[in-house]
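Working notes, structure below.
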Amino acid sequence: MTKARDLANIISGGFTASDIPNLDTAKITTGTMADARISESSVTQHASTFDDNKIQSNIALLGFKTAVNGSLAKYNLQDQIIDEYEDASGIDASASTNERLTSGVYDGTSSAAPTRTQDADATGTDGDYTWFKWTDTAATGSYSANAAETAEFLVVAGGGGGGGDGNTVGGGGGGAGGLRTSYGSTSGGGASAETDLSLGSGVTYTMTVGAGGSGHTSQTDNGSNGGTSSISGSDITDITTVGGGKAAHTQSNAGTSGGSGGGNSYTTATVAAGTANQGYAGGQGAESGGNQASGGGGGGAGSVGATGSANVAPNGGAGLNISITGSSVGYAGGGGTGTSWASGGTTSTATHGGGAGGTAYGNNTGGNATANTGGGGGGGSCVSTGASSGGNGGTGVVILRVLTNIITAGGNLTLQSTDTTASTANPDYADMVCLIENAEGTATLNTDIKGYISEDSGVTFTQGTLVDEGTWGTNKKIIAFHDLDISAQTGSAMCYKITTHNQSAGSKETKIHATSIGWR
């Protein structure tokens, strides 16, 4: 009866799920199962996980090679940046510390002032630099440091004495002292600035400051050239400058060659030459045989002395403005010429420390050059009888300029990138691939070198766990982290930060060659 009743129920439509016995799944051979009938775990348990870490690292490595081959600075891919450090454009200097970029490699530096022993007559600072100035002509000076360093220099010899008028001709100007410098773009005589000095640790260097030449005081007194200035040492090629040439002292004399040449008193005299790469020639006189004319201006470090005439007292040659102490100072200007006998004649001027010529007809002495500029003395004015005196040349000067603190390797580094805008705000995951070099010692990952990602311009950083992904050369490693969870952050201003720790010169020095980060 029961089976009959069940059959009746089925026939009458009363069939329920409880009436169906357990079935083997093999009995289901047709139709489509609804998605809701299949659990997620029923599918994922059979799926293998795809690891794209190698692909991400390989894309970064290809990006590095592209940057090198194309000499590219930091550049962007889709939600990824590549920086091979061809320049510093991808680094935020304001957020980084102790960073030094050399030939495409960043490392950390430390700095400290060495112990310096010196007897400079003046010293001061200009930004990151300290300068030392020697001005005393009575004795030599000295300088040494307990660490090797690079020094910019200025060495100016003493200027030559100005000419006195011996009879009816304005006295010529004295030549400026020879000028040599590695600071700025130009040295004396139109030469390019010279190479800085490499000073050795513990080596003592001697500074010599040349005296200024005396001006002419009579028809028989020749005055004198300026004195030599120099920097000398056992491990350098000495920097020596030639004293400025004195001017002609009568109408029949020529000026003297020197660092810059002294001015002549007449046209047929041989022009007084300057020394190559230190100064220029003196100017020619106006007339021969005494026709109430002017002598020539003294040569300067920047130009020749002007030529004389019957009515114009020539100017001295220009010197150079140099800011090695932080302030612009004029050095090595030629002396101006004294006025001629001719009525209404103009007076000379002199610049850059040179002395101006004597003014007005009569026994007027030429101006002295400014001390410690190496300027040439000014010429005396024209007189009918007797003699006027020339001005004295300026004393020379020696200046060294060095970094106050010497920068060395081995400092702990913070290297933070500039921001890159994500295509979609609030990314959840990030990757970093970095090329490093163990220049000294071996950096322990996540202890001696660490990596971080930020999506809010560095306000918040999340540290990743760096792993070793192989080598790319001797002592060179590919390090990376992948799928770093940054979902707790918000923003779209993506940047990275790399820090090094426990760095010490010669013991542990970690260098960063390239970095790439990506996000999604």
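Chain labels follow the order of the structure tokens: the first chain is A, the next B, and so on; residue numbering restarts at 1 in every chain, and ligands are counted from 1 in their shown order.
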Counting only C-alpha atoms, which residues of range 134-249 of chain A fall within 8 Å of range 294-314 of chain A, and what is the closest atom pair for each with its distance in Å at one decimal, ordered by chain and rising number, as JSON lines?
```
{"residue": "A:Val169", "atom": "CA", "partner": "A:Ser294", "partner_atom": "CA", "distance": 5.2}
{"residue": "A:Gly170", "atom": "CA", "partner": "A:Ser294", "partner_atom": "CA", "distance": 4.4}
{"residue": "A:Gly171", "atom": "CA", "partner": "A:Gly295", "partner_atom": "CA", "distance": 5.4}
{"residue": "A:Gly172", "atom": "CA", "partner": "A:Gly295", "partner_atom": "CA", "distance": 4.3}
{"residue": "A:Gly173", "atom": "CA", "partner": "A:Gly298", "partner_atom": "CA", "distance": 4.3}
{"residue": "A:Gly174", "atom": "CA", "partner": "A:Gly298", "partner_atom": "CA", "distance": 4.7}
{"residue": "A:Gly175", "atom": "CA", "partner": "A:Gly298", "partner_atom": "CA", "distance": 4.2}
{"residue": "A:Ala176", "atom": "CA", "partner": "A:Gly300", "partner_atom": "CA", "distance": 5.1}
{"residue": "A:Gly177", "atom": "CA", "partner": "A:Ala301", "partner_atom": "CA", "distance": 7.8}
{"residue": "A:Gly178", "atom": "CA", "partner": "A:Ala301", "partner_atom": "CA", "distance": 6.8}
{"residue": "A:Leu179", "atom": "CA", "partner": "A:Ala301", "partner_atom": "CA", "distance": 6.3}
{"residue": "A:Ser187", "atom": "CA", "partner": "A:Ala301", "partner_atom": "CA", "distance": 7.9}
{"residue": "A:Gly188", "atom": "CA", "partner": "A:Ala301", "partner_atom": "CA", "distance": 4.6}
{"residue": "A:Gly189", "atom": "CA", "partner": "A:Ala301", "partner_atom": "CA", "distance": 5.3}
{"residue": "A:Gly190", "atom": "CA", "partner": "A:Gly302", "partner_atom": "CA", "distance": 6.5}
{"residue": "A:Ala247", "atom": "CA", "partner": "A:Gly298", "partner_atom": "CA", "distance": 7.1}
{"residue": "A:Ala248", "atom": "CA", "partner": "A:Gly295", "partner_atom": "CA", "distance": 7.9}
```
*Find the spatial neighbours of Asn363 in chain A, counting only C-alpha atoms, within a cut-off of 8 Å - ignore same-chain residues fewer than 2 positions away - and output them as an MDAnalysis selection string.*
chainID A and resid 361 365 380:383 387:389
Output C-alpha atoms of each residue in that selection to a file, as a PDB file, in the first residue's frame.
```pdb
ATOM      1  CA  TYR A 361      99.456 119.998 -14.917  1.00  0.00           C
ATOM      2  CA  THR A 365     101.993 112.488  -7.586  1.00  0.00           C
ATOM      3  CA  GLY A 380     102.702 111.381 -11.998  1.00  0.00           C
ATOM      4  CA  SER A 381     101.359 114.427 -13.872  1.00  0.00           C
ATOM      5  CA  CYS A 382     103.316 116.337 -16.489  1.00  0.00           C
ATOM      6  CA  VAL A 383     105.655 119.155 -15.361  1.00  0.00           C
ATOM      7  CA  ALA A 387     109.894 115.650 -11.786  1.00  0.00           C
ATOM      8  CA  SER A 388     106.615 114.369 -10.375  1.00  0.00           C
ATOM      9  CA  SER A 389     106.409 111.057  -8.569  1.00  0.00           C
TER      10      SER A 389
END
```
*Mind checking DSSP for range 59-169 of chain A and telling me the alpha helix (DSSP H) residues as a PyMOL selection string?*
chain A and resi 59-69
*Write out as a PyMOL selection string the residues lying within 9 Å of range 499-513 of chain A, counting only C-alpha atoms and excluding same-chain residues fewer than 4 positions away.*
chain A and resi 83-85+104-110+408-416+434-443+447-452
*Record the distance separating CA of Thr123 in chain A and CA of Tyr205 in chain A, expressed in Å with one decimal.*
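Separation of CA of Thr123 in chain A and CA of Tyr205 in chain A: 16.6 Å.
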*Suppose you want the space between CA of Asn364 in chain A and CA of Gly338 in chain A; what is it in Å?*
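Atom-to-atom, CA of Asn364 in chain A to CA of Gly338 in chain A, that is 8.2 Å.
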_Nearest to Ser144 in chain A by atom-to-atom distance, counting only C-alpha atoms, from A:Leu400, A:Ala112, A:Ala157, A:Val209_ =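 Closest to Ser144 in chain A, using only C-alpha atoms: A:Leu400.
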*asked:* Nearest residue to Val203 in chain A out of A:Ile479, A:Ile236, A:Ala254, A:Ala356, using only C-alpha atoms?
replied: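 Using only C-alpha atoms, the shortest distance to Val203 in chain A belongs to A:Ile236.
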